[in-house]
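Everything below belongs to input_12.txt, which stores compact mmCIF, C-alpha atoms.
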# COMPACT_ATOMS: atom_id res chain seq x y z
CA MET A 10 178.25 83.06 120.06
CA TRP A 11 177.54 81.29 116.77
CA GLU A 12 180.43 80.47 114.47
CA LEU A 13 179.57 80.32 110.77
CA HIS A 14 181.92 78.20 108.67
CA GLN A 15 181.79 79.63 105.14
CA PHE A 16 183.69 81.31 102.32
CA ALA A 17 182.99 84.74 100.81
CA LEU A 18 181.37 83.49 97.58
CA CYS A 19 179.33 80.61 99.02
CA PRO A 20 175.72 81.54 98.11
CA PHE A 21 174.22 79.25 100.75
CA SER A 22 176.35 80.83 103.47
CA ARG A 23 175.26 84.25 102.19
CA LYS A 24 171.62 83.24 102.60
CA VAL A 25 172.29 82.31 106.23
CA ARG A 26 174.24 85.54 106.81
CA LEU A 27 171.32 87.58 105.45
CA MET A 28 168.97 85.66 107.76
CA LEU A 29 171.25 86.27 110.75
CA GLY A 30 171.55 89.94 109.78
CA GLU A 31 167.80 90.48 109.40
CA LYS A 32 167.16 88.79 112.73
CA GLY A 33 169.95 90.70 114.46
CA VAL A 34 171.79 87.57 115.61
CA GLY A 35 175.52 87.96 116.22
CA TYR A 36 178.06 85.52 114.81
CA THR A 37 181.73 85.05 114.05
CA LEU A 38 182.85 84.25 110.51
CA MET A 39 185.13 81.25 110.09
CA THR A 40 186.68 80.90 106.64
CA GLU A 41 186.60 77.43 105.13
CA ARG A 42 187.62 76.19 101.70
CA PRO A 43 185.30 73.17 101.48
CA TRP A 44 186.89 71.90 98.24
CA GLU A 45 190.07 71.22 100.23
CA ARG A 46 188.14 68.75 102.45
CA ARG A 47 190.13 69.70 105.56
CA ASP A 48 189.98 66.85 108.10
CA GLU A 49 188.53 68.93 110.94
CA PHE A 50 185.81 70.28 108.66
CA VAL A 51 184.92 66.83 107.28
CA ASP A 52 184.57 65.69 110.90
CA LEU A 53 182.06 68.51 111.35
CA ASN A 54 180.22 67.80 108.08
CA PRO A 55 181.10 64.59 106.19
CA THR A 56 179.82 66.08 102.90
CA SER A 57 182.35 68.95 103.36
CA GLN A 58 179.79 71.57 102.35
CA THR A 59 179.39 75.08 103.68
CA PRO A 60 177.68 76.52 105.64
CA VAL A 61 177.95 74.83 109.00
CA MET A 62 176.87 76.85 112.03
CA VAL A 63 178.29 75.91 115.42
CA ASP A 64 177.73 77.11 118.96
CA PRO A 65 180.68 75.60 120.85
CA GLU A 66 179.38 76.65 124.27
CA ARG A 67 176.04 74.91 123.81
CA ASN A 68 177.57 72.10 121.71
CA ILE A 69 175.17 72.73 118.80
CA GLN A 70 176.13 71.96 115.20
CA LEU A 71 173.76 72.84 112.38
CA ILE A 72 174.44 71.60 108.85
CA ASP A 73 172.81 72.80 105.60
CA SER A 74 171.57 76.32 104.90
CA SER A 75 167.87 75.35 104.76
CA VAL A 76 168.14 73.58 108.11
CA ILE A 77 169.90 76.60 109.64
CA CYS A 78 167.29 79.04 108.27
CA GLU A 79 164.37 76.94 109.57
CA TYR A 80 166.12 76.68 112.95
CA LEU A 81 166.65 80.45 113.15
CA GLU A 82 163.04 81.05 112.13
CA GLU A 83 161.81 78.75 114.90
CA THR A 84 164.09 80.08 117.63
CA VAL A 85 164.31 83.83 116.89
CA ASP A 86 160.95 85.64 116.74
CA ARG A 87 162.28 88.90 115.33
CA ALA A 88 161.85 89.53 111.59
CA GLN A 89 159.88 86.43 110.58
CA MET A 90 161.11 85.27 107.18
CA ILE A 91 158.77 82.29 106.61
CA ASN A 92 155.59 84.09 107.46
CA GLY A 93 151.87 84.14 106.67
CA THR A 94 149.45 81.29 106.07
CA ALA A 95 150.51 77.73 105.32
CA ILE A 96 150.02 78.54 101.61
CA ASN A 97 152.21 81.67 101.87
CA ARG A 98 154.86 79.65 103.69
CA ALA A 99 154.74 76.98 100.99
CA GLU A 100 155.32 79.63 98.31
CA ILE A 101 158.24 81.13 100.25
CA ARG A 102 159.86 77.70 100.64
CA ARG A 103 159.20 76.77 97.01
CA LEU A 104 160.99 79.88 95.76
CA ALA A 105 163.85 79.58 98.25
CA ILE A 106 164.39 76.01 97.00
CA TRP A 107 164.12 77.19 93.40
CA PHE A 108 166.98 79.67 93.94
CA ASP A 109 168.99 77.12 95.95
CA THR A 110 168.69 74.41 93.31
CA GLN A 111 167.60 75.68 89.87
CA PHE A 112 169.35 79.06 89.90
CA PHE A 113 172.39 77.58 91.63
CA ARG A 114 172.76 74.64 89.24
CA GLU A 115 172.20 76.62 86.04
CA VAL A 116 173.99 79.88 86.92
CA THR A 117 175.96 80.21 90.17
CA GLU A 118 177.55 76.75 90.21
CA LEU A 119 178.84 77.13 86.64
CA LEU A 120 180.25 80.59 87.34
CA LEU A 121 181.91 79.42 90.57
CA GLY A 122 183.39 76.46 88.72
CA GLU A 123 184.79 78.51 85.84
CA ARG A 124 185.82 81.69 87.65
CA MET A 125 186.70 80.53 91.16
CA ILE A 126 187.49 76.80 91.40
CA LYS A 127 189.50 76.78 88.17
CA ARG A 128 191.53 79.78 89.26
CA ILE A 129 192.17 78.49 92.76
CA VAL A 130 192.47 74.74 92.25
CA THR A 131 193.44 73.91 88.68
CA LYS A 132 194.98 77.30 87.73
CA ALA A 133 193.18 77.03 84.38
CA GLY A 134 191.33 79.80 82.56
CA PRO A 135 187.54 79.78 82.31
CA ASP A 136 185.78 78.03 79.44
CA ALA A 137 184.06 80.80 77.45
CA ARG A 138 181.34 78.41 76.28
CA MET A 139 180.38 77.54 79.88
CA LEU A 140 180.37 81.22 80.86
CA ARG A 141 178.03 82.04 77.98
CA GLN A 142 175.77 79.14 78.98
CA ALA A 143 175.58 80.45 82.58
CA MET A 144 174.85 84.00 81.41
CA ARG A 145 172.10 82.82 79.08
CA ALA A 146 170.55 80.84 81.94
CA ALA A 147 170.81 83.92 84.18
CA VAL A 148 168.78 85.94 81.65
CA GLU A 149 166.01 83.33 81.78
CA CYS A 150 166.09 83.25 85.58
CA LEU A 151 165.86 87.04 85.75
CA ASP A 152 162.94 86.98 83.31
CA TYR A 153 161.23 84.85 85.93
CA THR A 154 162.15 87.11 88.88
CA ASP A 155 160.94 90.12 86.83
CA TYR A 156 157.64 88.30 86.46
CA LEU A 157 157.45 87.58 90.21
CA LEU A 158 158.33 91.17 91.11
CA GLY A 159 155.76 92.47 88.66
CA ARG A 160 153.07 90.78 90.76
CA HIS A 161 154.15 92.00 94.22
CA ASN A 162 156.93 93.94 95.93
CA TRP A 163 158.95 90.95 97.07
CA MET A 164 159.73 87.56 95.52
CA ALA A 165 157.04 85.57 97.33
CA GLY A 166 154.50 88.23 98.26
CA ALA A 167 153.93 91.57 99.96
CA THR A 168 156.72 91.23 102.52
CA LEU A 169 160.42 90.41 102.62
CA SER A 170 160.93 86.67 103.12
CA LEU A 171 163.43 83.84 102.93
CA ALA A 172 162.73 83.72 99.18
CA ASP A 173 164.31 87.19 98.83
CA LEU A 174 167.31 86.20 100.95
CA ALA A 175 167.87 83.09 98.82
CA ALA A 176 167.52 85.19 95.67
CA ALA A 177 169.91 87.92 96.83
CA ALA A 178 172.43 85.28 97.90
CA GLN A 179 172.55 83.58 94.48
CA ILE A 180 172.25 86.78 92.42
CA SER A 181 174.98 88.59 94.38
CA VAL A 182 177.48 85.78 93.84
CA ALA A 183 176.60 85.58 90.14
CA ASP A 184 176.93 89.38 89.90
CA TYR A 185 180.32 89.36 91.67
CA LEU A 186 181.50 86.87 89.04
CA GLY A 187 180.23 89.03 86.16
CA GLY A 188 177.41 86.66 85.22
CA ILE A 189 174.48 89.07 85.38
CA ASP A 190 173.48 91.34 82.50
CA TRP A 191 171.21 93.91 84.16
CA LYS A 192 169.76 95.49 81.06
CA ASN A 193 166.11 94.61 80.34
CA HIS A 194 165.60 93.42 83.90
CA ASP A 195 164.26 96.59 85.48
CA GLN A 196 162.03 94.95 88.08
CA THR A 197 164.80 92.74 89.45
CA ALA A 198 167.36 95.59 89.24
CA ARG A 199 165.08 97.86 91.29
CA TRP A 200 164.54 95.11 93.87
CA TYR A 201 168.30 94.41 94.02
CA ARG A 202 169.20 98.10 94.42
CA GLY A 203 166.86 98.21 97.43
CA PHE A 204 168.46 95.07 98.79
CA LYS A 205 171.98 96.49 98.47
CA SER A 206 171.04 99.26 100.92
CA ARG A 207 169.88 96.89 103.66
CA PRO A 208 172.17 96.68 106.71
CA SER A 209 172.07 92.86 106.48
CA PHE A 210 173.51 93.00 102.96
CA ARG A 211 176.20 95.67 103.38
CA PRO A 212 178.86 93.42 104.94
CA LEU A 213 178.60 90.99 102.01
CA LEU A 214 179.09 93.76 99.44
CA SER A 215 182.36 94.94 100.94
CA GLU A 216 183.88 91.47 101.14
CA ARG A 217 186.28 90.13 98.54
CA MET A 218 187.26 86.60 97.61
CA GLU A 219 191.04 86.35 97.69
CA GLY A 220 192.50 86.58 94.19
CA ILE A 221 189.17 87.13 92.44
CA ALA A 222 188.13 90.70 91.67
CA PRO A 223 184.40 91.43 91.46
CA ALA A 224 182.67 92.90 88.40
CA PRO A 225 183.22 96.70 88.37
CA HIS A 226 179.61 97.60 89.28
CA TYR A 227 179.34 94.90 91.98
CA ALA A 228 179.42 97.07 95.12
CA ASP A 229 177.76 100.08 93.49
CA VAL A 230 174.39 100.63 95.17
CA ASP A 231 173.21 102.69 92.15
CA PHE A 232 174.57 100.36 89.47
CA MET B 26 140.60 65.77 97.48
CA TRP B 27 144.31 66.12 96.82
CA GLU B 28 145.72 64.96 93.49
CA LEU B 29 149.35 63.83 93.55
CA HIS B 30 151.14 64.05 90.21
CA GLN B 31 153.89 61.41 90.32
CA PHE B 32 155.27 58.20 88.82
CA ALA B 33 155.75 54.88 90.59
CA LEU B 34 159.55 55.12 90.97
CA CYS B 35 159.84 58.82 91.85
CA PRO B 36 161.51 58.78 95.30
CA PHE B 37 160.34 62.30 96.15
CA SER B 38 156.72 61.39 95.38
CA ARG B 39 157.15 58.29 97.54
CA LYS B 40 158.28 60.47 100.46
CA VAL B 41 155.10 62.55 100.08
CA ARG B 42 152.93 59.41 99.79
CA LEU B 43 154.45 58.03 103.01
CA MET B 44 153.73 61.37 104.72
CA LEU B 45 150.13 61.36 103.45
CA GLY B 46 149.76 57.73 104.53
CA GLU B 47 151.13 58.29 108.04
CA LYS B 48 148.88 61.32 108.49
CA GLY B 49 145.85 59.52 107.08
CA VAL B 50 145.22 62.10 104.35
CA GLY B 51 143.36 60.82 101.29
CA TYR B 52 144.58 61.54 97.75
CA THR B 53 144.24 60.47 94.14
CA LEU B 54 147.30 59.34 92.20
CA MET B 55 147.89 61.00 88.84
CA THR B 56 150.59 59.40 86.73
CA GLU B 57 153.05 61.78 85.09
CA ARG B 58 156.20 61.08 83.09
CA PRO B 59 158.07 64.29 83.86
CA TRP B 60 160.85 63.54 81.35
CA GLU B 61 158.27 63.95 78.56
CA ARG B 62 157.69 67.59 79.65
CA ARG B 63 153.97 67.43 78.83
CA ASP B 64 152.62 70.97 78.21
CA GLU B 65 149.90 70.81 80.87
CA PHE B 66 152.40 69.57 83.46
CA VAL B 67 155.00 72.23 82.59
CA ASP B 68 152.23 74.81 83.05
CA LEU B 69 151.74 73.38 86.55
CA ASN B 70 155.47 73.23 87.32
CA PRO B 71 157.90 74.90 84.89
CA THR B 72 160.77 72.68 86.07
CA SER B 73 158.65 69.61 85.08
CA GLN B 74 159.56 67.76 88.26
CA THR B 75 157.40 65.45 90.33
CA PRO B 76 155.74 65.56 92.80
CA VAL B 77 153.17 68.30 92.42
CA MET B 78 150.17 68.17 94.75
CA VAL B 79 147.00 69.92 93.68
CA ASP B 80 143.63 70.54 95.29
CA PRO B 81 141.47 71.68 92.35
CA GLU B 82 138.50 72.62 94.54
CA ARG B 83 140.52 74.97 96.74
CA ASN B 84 142.80 76.02 93.86
CA ILE B 85 145.97 75.03 95.74
CA GLN B 86 149.13 73.89 93.94
CA LEU B 87 152.12 72.73 95.94
CA ILE B 88 155.43 72.12 94.21
CA ASP B 89 158.50 70.26 95.60
CA SER B 90 158.42 67.35 98.03
CA SER B 91 160.02 69.28 100.92
CA VAL B 92 157.50 72.09 100.53
CA ILE B 93 154.62 69.59 100.47
CA CYS B 94 155.90 67.77 103.57
CA GLU B 95 156.33 71.01 105.54
CA TYR B 96 152.83 72.07 104.45
CA LEU B 97 151.30 68.76 105.58
CA GLU B 98 153.18 68.97 108.89
CA GLU B 99 151.82 72.48 109.49
CA THR B 100 148.23 71.74 108.49
CA VAL B 101 147.64 68.16 109.72
CA ASP B 102 148.28 67.61 113.43
CA ARG B 103 148.09 63.84 113.35
CA ALA B 104 151.36 61.88 113.35
CA GLN B 105 153.87 64.73 113.66
CA MET B 106 156.89 63.92 111.49
CA ILE B 107 159.09 66.97 112.25
CA ASN B 108 158.78 66.79 116.00
CA GLY B 109 160.66 67.59 119.18
CA THR B 110 162.87 70.53 120.08
CA ALA B 111 164.32 72.93 117.52
CA ILE B 112 167.52 70.87 117.65
CA ASN B 113 165.62 67.60 117.02
CA ARG B 114 163.77 69.26 114.15
CA ALA B 115 167.06 70.46 112.67
CA GLU B 116 168.45 66.91 112.79
CA ILE B 117 165.29 65.52 111.14
CA ARG B 118 165.52 68.10 108.34
CA ARG B 119 169.27 67.59 107.92
CA LEU B 120 168.84 63.86 107.39
CA ALA B 121 165.79 64.24 105.14
CA ILE B 122 167.86 66.61 102.97
CA TRP B 123 170.81 64.18 103.06
CA PHE B 124 168.62 61.39 101.62
CA ASP B 125 166.98 63.78 99.12
CA THR B 126 170.29 65.09 97.82
CA GLN B 127 173.31 62.94 98.70
CA PHE B 128 171.65 59.49 98.55
CA PHE B 129 169.61 60.53 95.52
CA ARG B 130 172.55 61.92 93.57
CA GLU B 131 174.96 59.08 94.34
CA VAL B 132 172.58 56.11 94.23
CA THR B 133 168.94 56.55 93.17
CA GLU B 134 169.50 59.02 90.33
CA LEU B 135 172.15 56.82 88.70
CA LEU B 136 169.97 53.70 88.99
CA LEU B 137 166.92 55.52 87.58
CA GLY B 138 169.05 56.83 84.72
CA GLU B 139 170.52 53.45 83.83
CA ARG B 140 167.59 51.14 84.53
CA MET B 141 164.53 53.32 83.87
CA ILE B 142 165.23 56.35 81.66
CA LYS B 143 167.49 54.41 79.29
CA ARG B 144 164.91 51.65 78.92
CA ILE B 145 161.98 54.01 78.42
CA VAL B 146 163.52 56.90 76.50
CA THR B 147 166.67 55.83 74.70
CA LYS B 148 165.94 52.05 74.55
CA ALA B 149 169.58 51.47 75.47
CA GLY B 150 170.94 48.92 77.94
CA PRO B 151 172.39 50.03 81.27
CA ASP B 152 176.07 50.88 81.62
CA ALA B 153 177.53 48.22 83.95
CA ARG B 154 180.19 50.64 85.19
CA MET B 155 177.56 53.18 86.31
CA LEU B 156 175.52 50.43 88.02
CA ARG B 157 178.60 49.29 89.94
CA GLN B 158 179.32 52.88 90.95
CA ALA B 159 175.76 53.32 92.29
CA MET B 160 175.91 50.03 94.20
CA ARG B 161 179.26 50.93 95.77
CA ALA B 162 177.82 54.30 96.83
CA ALA B 163 174.76 52.51 98.26
CA VAL B 164 177.03 50.39 100.46
CA GLU B 165 178.63 53.55 101.88
CA CYS B 166 175.23 55.16 102.44
CA LEU B 167 173.96 52.06 104.25
CA ASP B 168 177.08 52.02 106.40
CA TYR B 169 175.97 55.47 107.51
CA THR B 170 172.32 54.47 108.13
CA ASP B 171 173.59 51.43 110.10
CA TYR B 172 175.55 53.87 112.25
CA LEU B 173 172.49 56.09 112.76
CA LEU B 174 170.26 53.12 113.61
CA GLY B 175 172.87 51.80 116.02
CA ARG B 176 172.37 54.95 118.11
CA HIS B 177 168.56 55.01 118.23
CA ASN B 178 165.53 53.18 116.85
CA TRP B 179 164.82 55.58 114.00
CA MET B 180 167.02 57.59 111.64
CA ALA B 181 166.90 60.89 113.54
CA GLY B 182 166.03 59.79 117.09
CA ALA B 183 163.65 57.81 119.27
CA THR B 184 160.57 58.28 117.07
CA LEU B 185 159.56 57.87 113.45
CA SER B 186 160.13 61.12 111.52
CA LEU B 187 160.40 62.68 108.09
CA ALA B 188 164.01 61.44 108.01
CA ASP B 189 162.73 57.83 107.97
CA LEU B 190 160.19 58.62 105.25
CA ALA B 191 162.89 60.23 103.09
CA ALA B 192 165.16 57.23 103.73
CA ALA B 193 162.50 54.63 102.92
CA ALA B 194 161.56 56.53 99.76
CA GLN B 195 165.12 56.53 98.36
CA ILE B 196 166.05 53.04 99.58
CA SER B 197 162.85 51.45 98.24
CA VAL B 198 163.42 52.83 94.73
CA ALA B 199 167.07 51.76 94.81
CA ASP B 200 165.98 48.31 96.04
CA TYR B 201 163.33 47.99 93.31
CA LEU B 202 166.09 48.65 90.77
CA GLY B 203 168.39 46.02 92.30
CA GLY B 204 170.86 48.54 93.67
CA ILE B 205 170.90 47.47 97.33
CA ASP B 206 173.06 44.64 98.64
CA TRP B 207 171.50 43.85 102.02
CA LYS B 208 174.23 41.68 103.43
CA ASN B 209 176.32 43.27 106.20
CA HIS B 210 173.68 45.93 106.80
CA ASP B 211 171.70 44.30 109.57
CA GLN B 212 170.59 47.48 111.34
CA THR B 213 169.19 49.05 108.19
CA ALA B 214 167.67 45.73 107.03
CA ARG B 215 165.85 45.35 110.37
CA TRP B 216 164.57 48.95 110.17
CA TYR B 217 163.46 48.43 106.54
CA ARG B 218 161.65 45.15 107.34
CA GLY B 219 159.68 47.03 109.99
CA PHE B 220 158.95 49.77 107.51
CA LYS B 221 157.67 47.33 104.89
CA SER B 222 154.90 46.27 107.28
CA ARG B 223 153.57 49.80 107.82
CA PRO B 224 150.17 50.51 106.23
CA SER B 225 151.62 53.72 104.71
CA PHE B 226 154.26 51.69 102.85
CA ARG B 227 152.19 48.73 101.63
CA PRO B 228 150.66 50.47 98.58
CA LEU B 229 154.13 51.40 97.31
CA LEU B 230 155.39 47.83 97.57
CA SER B 231 152.64 46.40 95.40
CA GLU B 232 153.06 48.98 92.64
CA ARG B 233 155.04 48.30 89.49
CA MET B 234 156.68 50.63 87.00
CA GLU B 235 155.48 49.66 83.53
CA GLY B 236 158.06 47.56 81.71
CA ILE B 237 160.52 47.42 84.61
CA ALA B 238 160.41 44.39 86.88
CA PRO B 239 161.56 44.85 90.48
CA ALA B 240 164.38 42.88 92.09
CA PRO B 241 163.02 39.43 93.16
CA HIS B 242 163.09 40.19 96.92
CA TYR B 243 161.61 43.68 96.52
CA ALA B 244 158.11 43.12 97.89
CA ASP B 245 159.13 40.38 100.34
CA VAL B 246 158.55 41.66 103.86
CA ASP B 247 160.96 39.03 105.25
CA PHE B 248 163.67 39.48 102.59
Go ahead and render the structure in this file as structure tokens.
Amino acid sequence: MWELHQFALCPFSRKVRLMLGEKGVGYTLMTERPWERRDEFVDLNPTSQTPVMVDPERNIQLIDSSVICEYLEETVDRAQMINGTAINRAEIRRLAIWFDTQFFREVTELLLGERMIKRIVTKAGPDARMLRQAMRAAVECLDYTDYLLGRHNWMAGATLSLADLAAAAQISVADYLGGIDWKNHDQTARWYRGFKSRPSFRPLLSERMEGIAPAPHYADVDF
Amino acid sequence: MWELHQFALCPFSRKVRLMLGEKGVGYTLMTERPWERRDEFVDLNPTSQTPVMVDPERNIQLIDSSVICEYLEETVDRAQMINGTAINRAEIRRLAIWFDTQFFREVTELLLGERMIKRIVTKAGPDARMLRQAMRAAVECLDYTDYLLGRHNWMAGATLSLADLAAAAQISVADYLGGIDWKNHDQTARWYRGFKSRPSFRPLLSERMEGIAPAPHYADVDF
């Protein structure tokens, strides 16, 4: 059985959990607070970043969410998430990386820093200026996802793919932390409502990060 | 014919050029200064990051070095660079990502900022404190590559792989900018000397970034 080392608001771990859920692969959640750099976890991954996925019986350790997703895609046939022609696959990977880097850096990382790390580690309040900056960036990002979803049903084309999982992972964490203003983003809101009903996504919606309450509409499927 | 939009010291473009070279795929170099955010380039890639690889005849545009490398691996059989079992492939991708993110952020990005961007854009001199920080980080990174190369001939195993291309791309830019102290890193120095003799690497060694002279030993195969 796989063990996934993660914490509830880690967007990269969420992407892997969505992948595991879509593919119907069982796993056990292991909670890790990577910012504490626990010795045993640093031994597992010297960069002390989540997620790390381990199969103790087979002595397999997989580090980095992109690596884990590519591994699952190669080893589990069910529900292909990097599918289609080489060009389709390139577009799926491009968008997944865009959510993992651009969206993360400009939106999710700032919100996690202000609303989670500060509360847990430094016990300081959030900086309103940084929160506004993240929310402005989120509006621009959702303008882009609206554009993508105006062209086809899913982020990277006609079918659900890793790009949608990466998107839902980042957007759901940003939404939990109150960083998403849904008005004027009908295309993305419709896509996200559909996503919230998927069995792979349900477990994430009911989870809470200790000491940090989600935005009121967070778990509402008809927000 | 592919067109690769890049600049001489872009480590991610170098990774793609090494991949193209190893696979024997022809391409034309197009010089781009992404920090200028030229309109036509932003139209191609809204994040204004190099590399972008374009085939105008087939109307294909590939963005992001990882995406391009996966695409080349899937479409060109020759010289497989993400090879072996799913576990081997995961290790290759993990290390390629480690060089692209960790090594880049701690070493290459700082050196490019201090020794290239400042000279070209702000006309300021480099901050000696930042240079020292990058060089200290490079020592730690090369301790790690020494460890890897003490276990097998190449970064991720018994054969040349994308992990080596990602490593050579980052290390060569850092070395050009004088950020690598080769003493006490015999394993990595031996690996890099071998790399410098590869036909895929030769064109990179002879190139110069306008207005920025390389470290004296940079192009010396027997440094």
Q) Hey, what's within 7 Å of Thr213 of chain B if we count all atoms listed in the file and toss same-chain stuff fewer than 6 positions away? As a count of residues only, please? A) 4
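The closest residue to chain A, picked from B:Ala163, B:Ala181, B:Ala193, B:Ile112 and counting all atoms listed in the file, is B:Ile112.
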Q) What's the 12 Å shell around Met144 of chain A, counting only C-alpha atoms, without same-chain residues fewer than 5 positions away, as a ChimeraX atom specification? A) /A:112,115-120,137-139,149-151,180,183-184,186-191
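Excluding segment 104-109 of chain B itself and any same-chain residue fewer than 3 positions from it, the protein and nucleic acid residues within 7 Å of it, counting all atoms listed in the file, are Glu47, Lys48, Glu98, Asn113, Arg114, Ile117, Leu185, Ser186 and Leu187 of chain B.
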Q. Any idea which chain B residues end up within 10 Å of chain A if we count all atoms listed in the file, as an NGL selection string please?
A. :B and (72 or 85-100 or 110-120 or 122-123 or 127)
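Between atom CA of Val146 of chain B and atom CA of Thr53 of chain B lies a distance of 26.4 Å.
Residue nearest Ala121 of chain B, chosen from B:Arg176, B:Arg58, B:Lys148, B:Lys40 and counting all atoms listed in the file: B:Lys40.
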**Q.** Coordinates-based distance that separates atom CA of Gln142 of chain A from atom CA of Arg124 of chain A (Å, one decimal)
**A.** 13.5 Å
Q | Nearest to Asp125 of chain B by atom-to-atom distance, counting only C-alpha atoms, from B:Gly219, B:Pro239, B:Pro36, B:Gly138 | A | B:Pro36
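Between atom CA of Phe124 of chain B and atom CA of Thr59 of chain A there is a distance of 17.5 Å.
Residue nearest Leu229 of chain B within the list B:Lys208, B:Tyr201, B:Pro81, B:Gln74: B:Tyr201 [criterion: smallest interatomic distance, all atoms listed in the file].
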**Q.** Spatial neighbours of Thr40 of chain A, max dist 9 Å, all atoms listed in the file, sep filter under 3 positions, as a ChimeraX atom specification
**A.** /A:13-17
